[in-house]
Structure formats: structure tokens, C-alpha cells
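Colleague: Following this line is my_file_21.cif, made up of mmCIF, C-alpha atoms and all ligand atoms:
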```cif
data_target
#
loop_
_atom_site.label_atom_id
_atom_site.label_comp_id
_atom_site.auth_asym_id
_atom_site.auth_seq_id
_atom_site.Cartn_x
_atom_site.Cartn_y
_atom_site.Cartn_z
CA MET A 1 -11.76 44.85 -55.17
CA SER A 2 -15.07 46.14 -53.85
CA GLN A 3 -18.15 44.04 -53.13
CA TYR A 4 -18.93 44.12 -56.86
CA ARG A 5 -17.35 41.55 -59.13
CA ALA A 6 -19.00 42.31 -62.44
CA ILE A 7 -20.18 45.50 -64.17
CA GLY A 8 -22.63 45.95 -67.04
CA PHE A 9 -22.26 49.07 -69.19
CA ASP A 10 -24.88 50.59 -71.39
CA LEU A 11 -23.45 51.89 -74.69
CA ASP A 12 -25.33 54.85 -76.22
CA GLY A 13 -25.23 57.87 -73.95
CA THR A 14 -22.98 56.07 -71.44
CA LEU A 15 -19.76 55.09 -73.21
CA VAL A 16 -20.32 56.72 -76.60
CA ASP A 17 -22.06 59.92 -77.66
CA SER A 18 -23.58 58.25 -80.71
CA VAL A 19 -26.47 60.61 -81.45
CA PRO A 20 -24.80 62.43 -84.37
CA ASP A 21 -24.34 59.18 -86.34
CA ILE A 22 -27.76 57.78 -85.42
CA HIS A 23 -29.26 61.11 -86.44
CA ALA A 24 -27.57 60.99 -89.84
CA ALA A 25 -28.76 57.42 -90.56
CA THR A 26 -32.30 58.29 -89.41
CA ASN A 27 -32.44 61.14 -91.91
CA VAL A 28 -31.15 58.87 -94.71
CA ALA A 29 -34.05 56.51 -93.95
CA LEU A 30 -36.59 59.35 -93.84
CA ALA A 31 -35.27 60.88 -97.08
CA GLY A 32 -35.53 57.47 -98.78
CA LEU A 33 -39.20 57.43 -97.87
CA GLY A 34 -39.72 60.98 -99.15
CA LEU A 35 -40.09 62.39 -95.62
CA ASP A 36 -38.53 65.53 -94.12
CA SER A 37 -35.46 65.40 -91.90
CA VAL A 38 -35.65 65.45 -88.12
CA SER A 39 -33.32 67.37 -85.80
CA GLU A 40 -30.53 65.91 -83.70
CA ALA A 41 -32.37 67.04 -80.57
CA GLN A 42 -35.44 65.04 -81.62
CA VAL A 43 -33.35 61.91 -82.18
CA ARG A 44 -31.67 62.39 -78.80
CA GLY A 45 -35.10 62.18 -77.18
CA TRP A 46 -36.07 59.03 -79.11
CA ILE A 47 -33.05 56.86 -78.25
CA GLY A 48 -33.29 54.27 -75.53
CA ASN A 49 -35.50 51.46 -76.76
CA GLY A 50 -33.55 50.28 -79.79
CA VAL A 51 -33.70 51.03 -83.51
CA PRO A 52 -37.25 49.77 -84.24
CA MET A 53 -38.65 52.12 -81.59
CA LEU A 54 -36.46 55.02 -82.73
CA LEU A 55 -37.77 54.63 -86.29
CA THR A 56 -41.33 54.23 -85.04
CA ARG A 57 -40.98 57.52 -83.15
CA ALA A 58 -39.38 59.28 -86.13
CA LEU A 59 -42.01 58.03 -88.60
CA THR A 60 -44.83 58.95 -86.24
CA ALA A 61 -43.41 62.47 -85.92
CA GLN A 62 -43.07 62.93 -89.69
CA THR A 63 -46.32 61.30 -90.89
CA GLY A 64 -48.57 62.16 -87.95
CA GLU A 65 -49.51 58.53 -87.27
CA PRO A 66 -47.88 55.31 -86.06
CA PRO A 67 -46.22 53.53 -89.02
CA SER A 68 -47.54 50.33 -90.56
CA GLU A 69 -45.36 47.26 -90.16
CA ALA A 70 -44.49 47.50 -93.88
CA LEU A 71 -43.33 51.12 -93.60
CA LEU A 72 -41.26 50.26 -90.54
CA VAL A 73 -39.57 47.37 -92.40
CA GLN A 74 -38.83 49.72 -95.30
CA ALA A 75 -37.36 52.33 -92.95
CA ARG A 76 -35.19 49.70 -91.27
CA GLY A 77 -33.98 48.54 -94.68
CA LEU A 78 -32.76 52.07 -95.32
CA PHE A 79 -31.46 52.82 -91.84
CA ASP A 80 -29.29 49.72 -91.35
CA PRO A 81 -26.95 50.09 -94.36
CA ALA A 82 -26.65 53.84 -93.81
CA TYR A 83 -25.71 53.37 -90.15
CA HIS A 84 -23.39 50.43 -90.90
CA ALA A 85 -21.59 52.57 -93.49
CA ASP A 86 -21.00 55.40 -91.04
CA LEU A 87 -21.21 54.18 -87.45
CA CYS A 88 -18.72 56.44 -85.75
CA SER A 89 -17.50 59.33 -87.83
CA HIS A 90 -19.36 62.02 -85.85
CA GLY A 91 -19.64 60.33 -82.47
CA SER A 92 -17.11 60.25 -79.66
CA LEU A 93 -16.26 58.52 -76.42
CA TYR A 94 -17.36 60.45 -73.34
CA PRO A 95 -14.58 61.84 -71.13
CA ASN A 96 -12.61 59.33 -69.04
CA VAL A 97 -14.38 56.27 -70.51
CA ALA A 98 -11.28 54.50 -71.89
CA GLU A 99 -9.19 55.21 -68.79
CA THR A 100 -11.94 54.04 -66.45
CA LEU A 101 -12.53 50.79 -68.34
CA LYS A 102 -8.81 50.08 -68.42
CA GLN A 103 -8.46 50.61 -64.70
CA LEU A 104 -11.51 48.48 -63.90
CA GLN A 105 -10.13 45.65 -66.01
CA GLN A 106 -6.79 45.90 -64.20
CA GLN A 107 -8.70 45.65 -60.93
CA GLY A 108 -10.19 42.34 -62.07
CA TYR A 109 -13.82 43.17 -62.80
CA SER A 110 -15.74 41.13 -65.39
CA MET A 111 -17.31 43.63 -67.78
CA ALA A 112 -20.15 43.44 -70.31
CA VAL A 113 -21.85 45.81 -72.69
CA ILE A 114 -25.61 45.61 -72.23
CA THR A 115 -27.23 47.81 -74.85
CA ASN A 116 -30.54 48.09 -76.66
CA LYS A 117 -28.67 48.87 -79.87
CA PRO A 118 -28.89 45.97 -82.37
CA GLU A 119 -25.97 43.60 -81.73
CA ALA A 120 -24.50 43.85 -85.26
CA PHE A 121 -23.61 47.51 -84.70
CA VAL A 122 -21.99 47.10 -81.30
CA GLU A 123 -18.66 45.34 -81.89
CA PRO A 124 -17.54 47.66 -84.74
CA ILE A 125 -18.25 50.68 -82.56
CA LEU A 126 -16.31 49.25 -79.59
CA THR A 127 -13.42 48.40 -81.92
CA HIS A 128 -13.44 51.83 -83.56
CA PHE A 129 -13.10 53.53 -80.18
CA GLY A 130 -10.46 51.05 -78.96
CA ILE A 131 -12.50 49.68 -76.04
CA ALA A 132 -13.60 46.23 -77.31
CA GLN A 133 -10.88 44.44 -75.34
CA TYR A 134 -12.39 45.46 -72.02
CA PHE A 135 -15.58 43.44 -72.51
CA SER A 136 -15.91 39.67 -72.34
CA LEU A 137 -19.61 39.77 -73.20
CA VAL A 138 -21.77 41.93 -75.48
CA ILE A 139 -25.56 41.80 -75.33
CA GLY A 140 -27.49 43.83 -77.90
CA GLY A 141 -31.14 44.77 -78.02
CA ASP A 142 -31.87 41.83 -80.33
CA THR A 143 -29.54 39.25 -78.72
CA LEU A 144 -32.13 37.86 -76.30
CA ALA A 145 -35.93 37.54 -76.32
CA LYS A 146 -36.27 40.67 -74.16
CA ALA A 147 -34.33 43.93 -73.88
CA LYS A 148 -33.93 46.55 -71.11
CA PRO A 149 -36.00 47.64 -69.12
CA ASP A 150 -36.66 43.89 -68.83
CA PRO A 151 -34.11 42.29 -66.46
CA MET A 152 -33.34 39.46 -68.91
CA PRO A 153 -30.10 40.92 -70.35
CA ILE A 154 -28.69 41.57 -66.87
CA GLU A 155 -29.80 38.14 -65.60
CA HIS A 156 -28.19 36.52 -68.63
CA CYS A 157 -24.99 38.41 -67.97
CA MET A 158 -24.88 37.49 -64.27
CA ALA A 159 -25.40 33.82 -65.17
CA ARG A 160 -22.60 33.93 -67.77
CA PHE A 161 -20.23 35.59 -65.29
CA GLY A 162 -21.31 33.26 -62.49
CA VAL A 163 -22.12 36.13 -60.13
CA SER A 164 -25.18 36.95 -58.02
CA THR A 165 -27.21 40.14 -57.77
CA VAL A 166 -25.13 41.61 -54.93
CA ASP A 167 -22.00 41.24 -57.08
CA PHE A 168 -23.36 43.14 -60.08
CA LEU A 169 -23.44 46.86 -60.87
CA MET A 170 -25.27 48.23 -63.93
CA VAL A 171 -24.05 51.57 -65.33
CA GLY A 172 -26.28 53.55 -67.66
CA ASP A 173 -27.74 56.87 -68.75
CA SER A 174 -31.35 55.88 -69.22
CA LYS A 175 -34.24 54.88 -67.02
CA ASN A 176 -34.27 51.63 -69.02
CA ASP A 177 -30.89 50.76 -67.49
CA ILE A 178 -32.00 51.63 -63.98
CA LEU A 179 -35.35 49.83 -64.29
CA ALA A 180 -33.62 46.71 -65.65
CA ALA A 181 -31.17 46.76 -62.72
CA GLN A 182 -33.97 47.26 -60.20
CA ALA A 183 -35.98 44.40 -61.75
CA ALA A 184 -32.89 42.16 -61.66
CA GLY A 185 -32.28 43.14 -58.02
CA CYS A 186 -28.83 44.64 -58.53
CA ALA A 187 -27.25 48.05 -57.92
CA SER A 188 -27.14 50.77 -60.57
CA LEU A 189 -25.15 53.88 -61.37
CA GLY A 190 -27.06 56.54 -63.31
CA LEU A 191 -25.05 58.96 -65.45
CA THR A 192 -26.45 62.45 -65.92
CA TYR A 193 -24.87 63.30 -69.29
CA GLY A 194 -26.58 60.88 -71.66
CA TYR A 195 -30.01 60.48 -73.21
CA ASN A 196 -32.95 59.92 -70.94
CA TYR A 197 -35.88 61.37 -72.87
CA GLY A 198 -34.95 64.77 -71.39
CA GLU A 199 -35.57 63.53 -67.84
CA ASP A 200 -33.27 63.71 -64.81
CA ILE A 201 -31.85 60.20 -64.25
CA ALA A 202 -32.07 60.74 -60.46
CA LEU A 203 -35.87 60.49 -60.79
CA SER A 204 -35.43 56.77 -61.55
CA ASN A 205 -33.70 56.27 -58.18
CA PRO A 206 -30.45 54.61 -59.21
CA THR A 207 -28.25 53.44 -56.32
CA PHE A 208 -25.65 56.06 -57.31
CA VAL A 209 -25.73 59.15 -59.55
CA ALA A 210 -22.64 60.54 -61.30
CA SER A 211 -21.81 63.21 -63.85
CA ASP A 212 -18.53 61.53 -64.87
CA ILE A 213 -17.98 57.81 -65.36
CA GLN A 214 -14.75 58.04 -63.38
CA GLN A 215 -16.81 58.61 -60.23
CA ILE A 216 -17.54 54.87 -60.33
CA PHE A 217 -14.38 54.45 -58.25
CA ASP A 218 -15.91 56.51 -55.43
CA PHE A 219 -18.93 54.22 -55.33
CA ILE A 220 -17.22 50.88 -55.63
CA ALA A 221 -14.76 51.96 -52.95
CA GLN A 222 -17.67 53.05 -50.73
CA ALA A 223 -19.22 49.61 -51.13
CA GLU A 224 -16.13 47.86 -49.76
O1 LIG B 1 -30.20 51.96 -79.16
C1 LIG B 1 -30.85 52.50 -78.24
O2 LIG B 1 -32.00 52.92 -78.36
C2 LIG B 1 -30.23 52.64 -76.89
O3 LIG B 1 -28.98 52.04 -76.77
P1 LIG B 1 -28.39 51.92 -75.30
O4 LIG B 1 -29.19 50.83 -74.62
O5 LIG B 1 -26.94 51.54 -75.55
O6 LIG B 1 -28.52 53.24 -74.65
MG MG B 2 -28.07 54.54 -73.12
#
```
Reformat the file's structure so that it appears as C-alpha cells.

Modeller:
Amino acid sequence: MSQYRAIGFDLDGTLVDSVPDIHAATNVALAGLGLDSVSEAQVRGWIGNGVPMLLTRALTAQTGEPPSEALLVQARGLFDPAYHADLCSHGSLYPNVAETLKQLQQQGYSMAVITNKPEAFVEPILTHFGIAQYFSLVIGGDTLAKAKPDPMPIEHCMARFGVSTVDFLMVGDSKNDILAAQAAGCASLGLTYGYNYGEDIALSNPTFVASDIQQIFDFIAQAE
């Protein structure tokens, strides 16, 4: 094993290309409020800070002003059942994700999902794609008091795994993942294929940058 003992994985844009399903549920919510649909490309640029922020961004785009709390609650009441009903039918695992997780587990790493997606959606998605068994801990965007880019989810995870900052590697597609890792004082691997508000992940200065999750083996070997 390398110097790392535990690895945190972001979900959306890192393990699963979930935009098509999130896009569909967003448009169900907007239609229920009598608002026009948004495009998949728009939704791709709004993912990263959880569902409340995604809906805030969508409602702002379609009404021209930030939504009231009441409108946001209404939108969430429409989004959640629509997304729950159809979490995975259009999405897919990114290449080499299942194989990489399997190999890392065989090598003895403790692994967690650290996502800003609401916790209730996470387990069914992991199960659908056959990767739930690789994770001994799942932290959603609403599991703790603070979400990424705050370091709290990573700190919580390190405490649960009984590892220190030098033992932990955070893998993600968004600057929120990299900022959370930097704030927690641990290493990060930034993936170039996900959703990062249209920005190059390298601009956030992750410890490593990769275009395929399988490249993680190059970096953890390097760190030995
Ligand atoms: O739900 C989001 O906005 C982002 O989810 P992620 O943290 O798994 O990328
Ligand atoms: Mg992500």
C-alpha cells in the first residue's frame, strides 16, 4: 500500500455521470411551477453545491431573480419525488470506475463517498451501479452541518477511519472537492471529465490531475 490509507470519492461527475437524470428532475420541478425547461448544459454548470443551490440557480435563470424561500421549498417538493423515481435511468458510471474501486478495496484502502448530493439519493445510486460494497462510509450534502468546500465532511471521514491528513486522499471533479481537501490539509486528485462550472480543475491546484480515474494507481504508487 502507498502512504495513503483512506480515500474519499466525490459522486456526481467523479464516479457517476448523473447530469441526465438531475436534468430531467429539474425540468419536472420547473414544469410544476409553470416555468420553461432548462438545457442539460445549463444543469451541468449548476451542479456542485447540492440540490438547494441547483434549484436556486435554475429558478434564478427562469424567473430572472433569486427565488423566495417558499418558491424554493415548492421546487424541492417537486424535484425530490421526481429524482427519487428516476435516479439512474439515463446516467452511467464513468469508464474504469468499478474496476478501480474493486482493486483499491483489494489493496486494503478504506473508502468513503463524500458528496454534496442529499444523502437519501446516494445509497440507491451506488446500489444501482453495483459499487455500494466498496464504501464503508457515505456522507451526503445534508449529513453534517457543513458541506464541501468546507473541510467538515473530510475531517469527519478521517476521524471515523482513524487516519490523519497525510493518510487521506480526496478524489473529485469540482473545485469544491479540491478546496475541501486543501482546507482539511490532505492531498487531492482532480478529475478533468466531470462538472466544474466549465472551469479547468487544474486551476484549483489539486495535488494530482487525471483524465481517467484509473490513473489513481500512478499517483498512489508515486507516493510510496
Ligand atoms: O449534488 C451536487 O451538487 C454535487 O454532488 P457531488 O458533490 O457528488 O459532485
Ligand atoms: Mg462532483

Colleague: Within 9 Å of region 164-175 of chain A, counting all atoms listed in the file, which residues qualify if same-chain residues fewer than 2 places away don't, as a short mmCIF file (atom, residue, chain, number, x, y, z; two decimals) with C-alpha atoms, keeping the file's coordinate frame?

Modeller:
```
data_model
loop_
_atom_site.label_atom_id
_atom_site.label_comp_id
_atom_site.auth_asym_id
_atom_site.auth_seq_id
_atom_site.Cartn_x
_atom_site.Cartn_y
_atom_site.Cartn_z
CA GLN A 3 -18.15 44.04 -53.13
CA TYR A 4 -18.93 44.12 -56.86
CA ARG A 5 -17.35 41.55 -59.13
CA ALA A 6 -19.00 42.31 -62.44
CA ILE A 7 -20.18 45.50 -64.17
CA GLY A 8 -22.63 45.95 -67.04
CA PHE A 9 -22.26 49.07 -69.19
CA ASP A 10 -24.88 50.59 -71.39
CA LEU A 11 -23.45 51.89 -74.69
CA ASP A 12 -25.33 54.85 -76.22
CA GLY A 13 -25.23 57.87 -73.95
CA THR A 14 -22.98 56.07 -71.44
CA LEU A 15 -19.76 55.09 -73.21
CA GLY A 48 -33.29 54.27 -75.53
CA ILE A 114 -25.61 45.61 -72.23
CA PRO A 149 -36.00 47.64 -69.12
CA ILE A 154 -28.69 41.57 -66.87
CA GLU A 155 -29.80 38.14 -65.60
CA MET A 158 -24.88 37.49 -64.27
CA ALA A 159 -25.40 33.82 -65.17
CA PHE A 161 -20.23 35.59 -65.29
CA GLY A 162 -21.31 33.26 -62.49
CA ASP A 177 -30.89 50.76 -67.49
CA ILE A 178 -32.00 51.63 -63.98
CA LEU A 179 -35.35 49.83 -64.29
CA ALA A 180 -33.62 46.71 -65.65
CA ALA A 181 -31.17 46.76 -62.72
CA ALA A 184 -32.89 42.16 -61.66
CA GLY A 185 -32.28 43.14 -58.02
CA CYS A 186 -28.83 44.64 -58.53
CA ALA A 187 -27.25 48.05 -57.92
CA SER A 188 -27.14 50.77 -60.57
CA LEU A 189 -25.15 53.88 -61.37
CA GLY A 190 -27.06 56.54 -63.31
CA LEU A 191 -25.05 58.96 -65.45
CA THR A 192 -26.45 62.45 -65.92
CA TYR A 193 -24.87 63.30 -69.29
CA GLY A 194 -26.58 60.88 -71.66
CA TYR A 195 -30.01 60.48 -73.21
CA ASN A 196 -32.95 59.92 -70.94
CA TYR A 197 -35.88 61.37 -72.87
CA GLU A 199 -35.57 63.53 -67.84
CA ILE A 201 -31.85 60.20 -64.25
CA LEU A 203 -35.87 60.49 -60.79
CA SER A 204 -35.43 56.77 -61.55
CA ASN A 205 -33.70 56.27 -58.18
CA PRO A 206 -30.45 54.61 -59.21
CA ILE A 213 -17.98 57.81 -65.36
CA ILE A 216 -17.54 54.87 -60.33
#
```

Colleague: To test the calculation: enclose all listed atoms of ligand LIG 1 (chain B) in a box whose edges run along x, y and z, add 3 Å on each side, then state centre and edge lengths in Å to one decimal, as JSON.

Modeller:
```
{"center_x": -29.5, "center_y": 52.0, "center_z": -76.9, "size_x": 11.1, "size_y": 8.4, "size_z": 10.5}
```

Colleague: So the first atom is CA of Asp17 (chain A) and the second is CA of Gly34 (chain A); what is the distance between them in Å, to one decimal place?

Modeller: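 Going from CA of Asp17 (chain A) over to CA of Gly34 (chain A) covers 27.8 Å.
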
Colleague: Any chance you could tabulate, as a Markdown table, the residues of region 121-171 of chain A at most 12 Å from region 67-84 of chain A with each one's nearest atom pair and distance in Å to one decimal, using all atoms listed in the file, in chain and rising number order?

Modeller:
```
| residue | atom | partner | partner_atom | distance |
| --- | --- | --- | --- | --- |
| A:Phe121 | CA | A:His84 | CA | 6.9 |
| A:Val122 | CA | A:His84 | CA | 10.3 |
| A:Glu123 | CA | A:His84 | CA | 11.4 |
| A:Pro124 | CA | A:His84 | CA | 8.9 |
| A:Ile125 | CA | A:His84 | CA | 9.8 |
```

Colleague: I need the residue nearest ligand LIG 1 (chain B) from this list: A:Gly108, A:Gly32, A:Pro66, A:Gly50. Use all atoms listed in the file for the distance.

Modeller: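 Nearest candidate to ligand LIG 1 (chain B) out of A:Gly108, A:Gly32, A:Pro66, A:Gly50: A:Gly50.
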
Colleague: Could you pull the residues within 10 Å of Asp86 (chain A), counting all atoms listed in the file, minus those fewer than 4 positions along the same chain, as a PyMOL selection string?

Modeller: chain A and resi 21-22+24-25+81-82+90-91

Colleague: Return the single residue from A:Val209, A:Tyr109, A:His156, A:Pro151 that is closest to Ala183 (chain A), with distances computed using all atoms listed in the file.

Modeller: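 Of A:Val209, A:Tyr109, A:His156, A:Pro151, the one nearest Ala183 (chain A) is A:Pro151, counting all atoms listed in the file.
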
Colleague: Which residue gives the smallest distance to ligand MG 2 (chain B) among A:Ala132, A:Val16, A:Ala85, A:Leu137, with all atoms listed in the file counted?

Modeller: A:Val16

Colleague: What is the distance, in Å and to one decimal place, between CA of Val43 (chain A) and CA of Met152 (chain A)?

Modeller: 26.1 Å

Colleague: Tell me which of A:Thr143, A:Thr63, A:Thr127, A:Thr115 sits closest to Asn49 (chain A), counting all atoms listed in the file.

Modeller: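 Of the candidates, the smallest distance to Asn49 (chain A) is held by A:Thr115.
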
Colleague: Between CA of Val19 (chain A) and CA of Ser37 (chain A), what is the distance in Å, rounded to a tenth?

Modeller: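 CA of Ser37 (chain A) lies 14.6 Å from CA of Val19 (chain A).
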
Colleague: Have a look at A:Thr56, A:Gln106, A:Ser211, A:Asn116 and name the one nearest to ligand LIG 1 (chain B); count all atoms listed in the file.

Modeller: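 With all atoms listed in the file as the atom set, the closest residue is A:Asn116.
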
Colleague: Find, counting only C-alpha atoms, the residue in A:Gln107, A:Thr26, A:Ser18, A:Gln62 that gets nearest to Ser92 (chain A).

Modeller: A:Ser18

Colleague: Write out as a list in words each polymer residue whose atoms come within 10 Å of Tyr134 (chain A), counting only C-alpha atoms; drop sequence neighbours fewer than 3 positions from it.

Modeller: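 Selected residues are Ala98, Leu101, Lys102, Gln103, Leu104, Gln105, Gln106, Tyr109, Ser110, Met111, Ala112, Val113, Leu126, Gly130, Ile131 and Leu137 of chain A.
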
Colleague: Complete region 188-214 of chain A with N, CA and C atoms (output as a PDB file, keeping the file's coordinate frame).

Modeller:
```
ATOM      1  N   SER A 188     -27.280  50.045 -59.302  1.00  0.00           N
ATOM      2  CA  SER A 188     -27.140  50.770 -60.570  1.00  0.00           C
ATOM      3  C   SER A 188     -26.470  52.116 -60.334  1.00  0.00           C
ATOM      4  N   LEU A 189     -25.759  52.549 -61.357  1.00  0.00           N
ATOM      5  CA  LEU A 189     -25.150  53.880 -61.370  1.00  0.00           C
ATOM      6  C   LEU A 189     -25.754  54.632 -62.550  1.00  0.00           C
ATOM      7  N   GLY A 190     -26.436  55.727 -62.268  1.00  0.00           N
ATOM      8  CA  GLY A 190     -27.060  56.540 -63.310  1.00  0.00           C
ATOM      9  C   GLY A 190     -26.184  57.710 -63.675  1.00  0.00           C
ATOM     10  N   LEU A 191     -25.878  57.846 -64.966  1.00  0.00           N
ATOM     11  CA  LEU A 191     -25.050  58.960 -65.450  1.00  0.00           C
ATOM     12  C   LEU A 191     -25.941  60.081 -65.960  1.00  0.00           C
ATOM     13  N   THR A 192     -25.565  61.312 -65.632  1.00  0.00           N
ATOM     14  CA  THR A 192     -26.450  62.450 -65.920  1.00  0.00           C
ATOM     15  C   THR A 192     -26.260  63.035 -67.321  1.00  0.00           C
ATOM     16  N   TYR A 193     -25.194  62.599 -68.042  1.00  0.00           N
ATOM     17  CA  TYR A 193     -24.870  63.300 -69.290  1.00  0.00           C
ATOM     18  C   TYR A 193     -25.479  62.712 -70.554  1.00  0.00           C
ATOM     19  N   GLY A 194     -26.141  61.582 -70.450  1.00  0.00           N
ATOM     20  CA  GLY A 194     -26.580  60.880 -71.660  1.00  0.00           C
ATOM     21  C   GLY A 194     -27.962  61.266 -72.154  1.00  0.00           C
ATOM     22  N   TYR A 195     -28.682  60.249 -72.632  1.00  0.00           N
ATOM     23  CA  TYR A 195     -30.010  60.480 -73.210  1.00  0.00           C
ATOM     24  C   TYR A 195     -31.040  59.789 -72.322  1.00  0.00           C
ATOM     25  N   ASN A 196     -31.915  60.546 -71.777  1.00  0.00           N
ATOM     26  CA  ASN A 196     -32.950  59.920 -70.940  1.00  0.00           C
ATOM     27  C   ASN A 196     -34.285  60.602 -71.199  1.00  0.00           C
ATOM     28  N   TYR A 197     -34.603  60.757 -72.475  1.00  0.00           N
ATOM     29  CA  TYR A 197     -35.880  61.370 -72.870  1.00  0.00           C
ATOM     30  C   TYR A 197     -36.039  62.759 -72.242  1.00  0.00           C
ATOM     31  N   GLY A 198     -34.893  63.434 -71.984  1.00  0.00           N
ATOM     32  CA  GLY A 198     -34.950  64.770 -71.390  1.00  0.00           C
ATOM     33  C   GLY A 198     -35.230  64.779 -69.899  1.00  0.00           C
ATOM     34  N   GLU A 199     -35.252  63.608 -69.275  1.00  0.00           N
ATOM     35  CA  GLU A 199     -35.570  63.530 -67.840  1.00  0.00           C
ATOM     36  C   GLU A 199     -34.294  63.406 -67.004  1.00  0.00           C
ATOM     37  N   ASP A 200     -34.377  63.863 -65.763  1.00  0.00           N
ATOM     38  CA  ASP A 200     -33.270  63.710 -64.810  1.00  0.00           C
ATOM     39  C   ASP A 200     -33.185  62.231 -64.404  1.00  0.00           C
ATOM     40  N   ILE A 201     -32.020  61.641 -64.561  1.00  0.00           N
ATOM     41  CA  ILE A 201     -31.850  60.200 -64.250  1.00  0.00           C
ATOM     42  C   ILE A 201     -32.092  59.923 -62.765  1.00  0.00           C
ATOM     43  N   ALA A 202     -31.869  60.932 -61.910  1.00  0.00           N
ATOM     44  CA  ALA A 202     -32.070  60.740 -60.460  1.00  0.00           C
ATOM     45  C   ALA A 202     -33.523  60.380 -60.142  1.00  0.00           C
ATOM     46  N   LEU A 203     -34.456  60.795 -61.023  1.00  0.00           N
ATOM     47  CA  LEU A 203     -35.870  60.490 -60.790  1.00  0.00           C
ATOM     48  C   LEU A 203     -36.155  58.990 -60.854  1.00  0.00           C
ATOM     49  N   SER A 204     -35.254  58.231 -61.475  1.00  0.00           N
ATOM     50  CA  SER A 204     -35.430  56.770 -61.550  1.00  0.00           C
ATOM     51  C   SER A 204     -34.816  56.049 -60.348  1.00  0.00           C
ATOM     52  N   ASN A 205     -34.269  56.834 -59.408  1.00  0.00           N
ATOM     53  CA  ASN A 205     -33.700  56.270 -58.180  1.00  0.00           C
ATOM     54  C   ASN A 205     -32.608  55.215 -58.372  1.00  0.00           C
ATOM     55  N   PRO A 206     -31.581  55.538 -59.171  1.00  0.00           N
ATOM     56  CA  PRO A 206     -30.450  54.610 -59.210  1.00  0.00           C
ATOM     57  C   PRO A 206     -29.763  54.580 -57.850  1.00  0.00           C
ATOM     58  N   THR A 207     -28.965  53.542 -57.603  1.00  0.00           N
ATOM     59  CA  THR A 207     -28.250  53.440 -56.320  1.00  0.00           C
ATOM     60  C   THR A 207     -27.279  54.612 -56.184  1.00  0.00           C
ATOM     61  N   PHE A 208     -26.608  54.946 -57.282  1.00  0.00           N
ATOM     62  CA  PHE A 208     -25.650  56.060 -57.310  1.00  0.00           C
ATOM     63  C   PHE A 208     -25.954  56.944 -58.508  1.00  0.00           C
ATOM     64  N   VAL A 209     -25.613  58.234 -58.403  1.00  0.00           N
ATOM     65  CA  VAL A 209     -25.730  59.150 -59.550  1.00  0.00           C
ATOM     66  C   VAL A 209     -24.371  59.805 -59.749  1.00  0.00           C
ATOM     67  N   ALA A 210     -23.943  59.926 -61.011  1.00  0.00           N
ATOM     68  CA  ALA A 210     -22.640  60.540 -61.300  1.00  0.00           C
ATOM     69  C   ALA A 210     -22.714  61.358 -62.576  1.00  0.00           C
ATOM     70  N   SER A 211     -21.870  62.386 -62.648  1.00  0.00           N
ATOM     71  CA  SER A 211     -21.810  63.210 -63.850  1.00  0.00           C
ATOM     72  C   SER A 211     -20.583  62.870 -64.687  1.00  0.00           C
ATOM     73  N   ASP A 212     -19.740  61.978 -64.152  1.00  0.00           N
ATOM     74  CA  ASP A 212     -18.530  61.530 -64.870  1.00  0.00           C
ATOM     75  C   ASP A 212     -18.351  60.051 -64.550  1.00  0.00           C
ATOM     76  N   ILE A 213     -18.060  59.268 -65.565  1.00  0.00           N
ATOM     77  CA  ILE A 213     -17.980  57.810 -65.360  1.00  0.00           C
ATOM     78  C   ILE A 213     -16.867  57.436 -64.377  1.00  0.00           C
ATOM     79  N   GLN A 214     -15.870  58.294 -64.281  1.00  0.00           N
ATOM     80  CA  GLN A 214     -14.750  58.040 -63.380  1.00  0.00           C
ATOM     81  C   GLN A 214     -15.172  57.986 -61.902  1.00  0.00           C
TER      82      GLN A 214
END
```
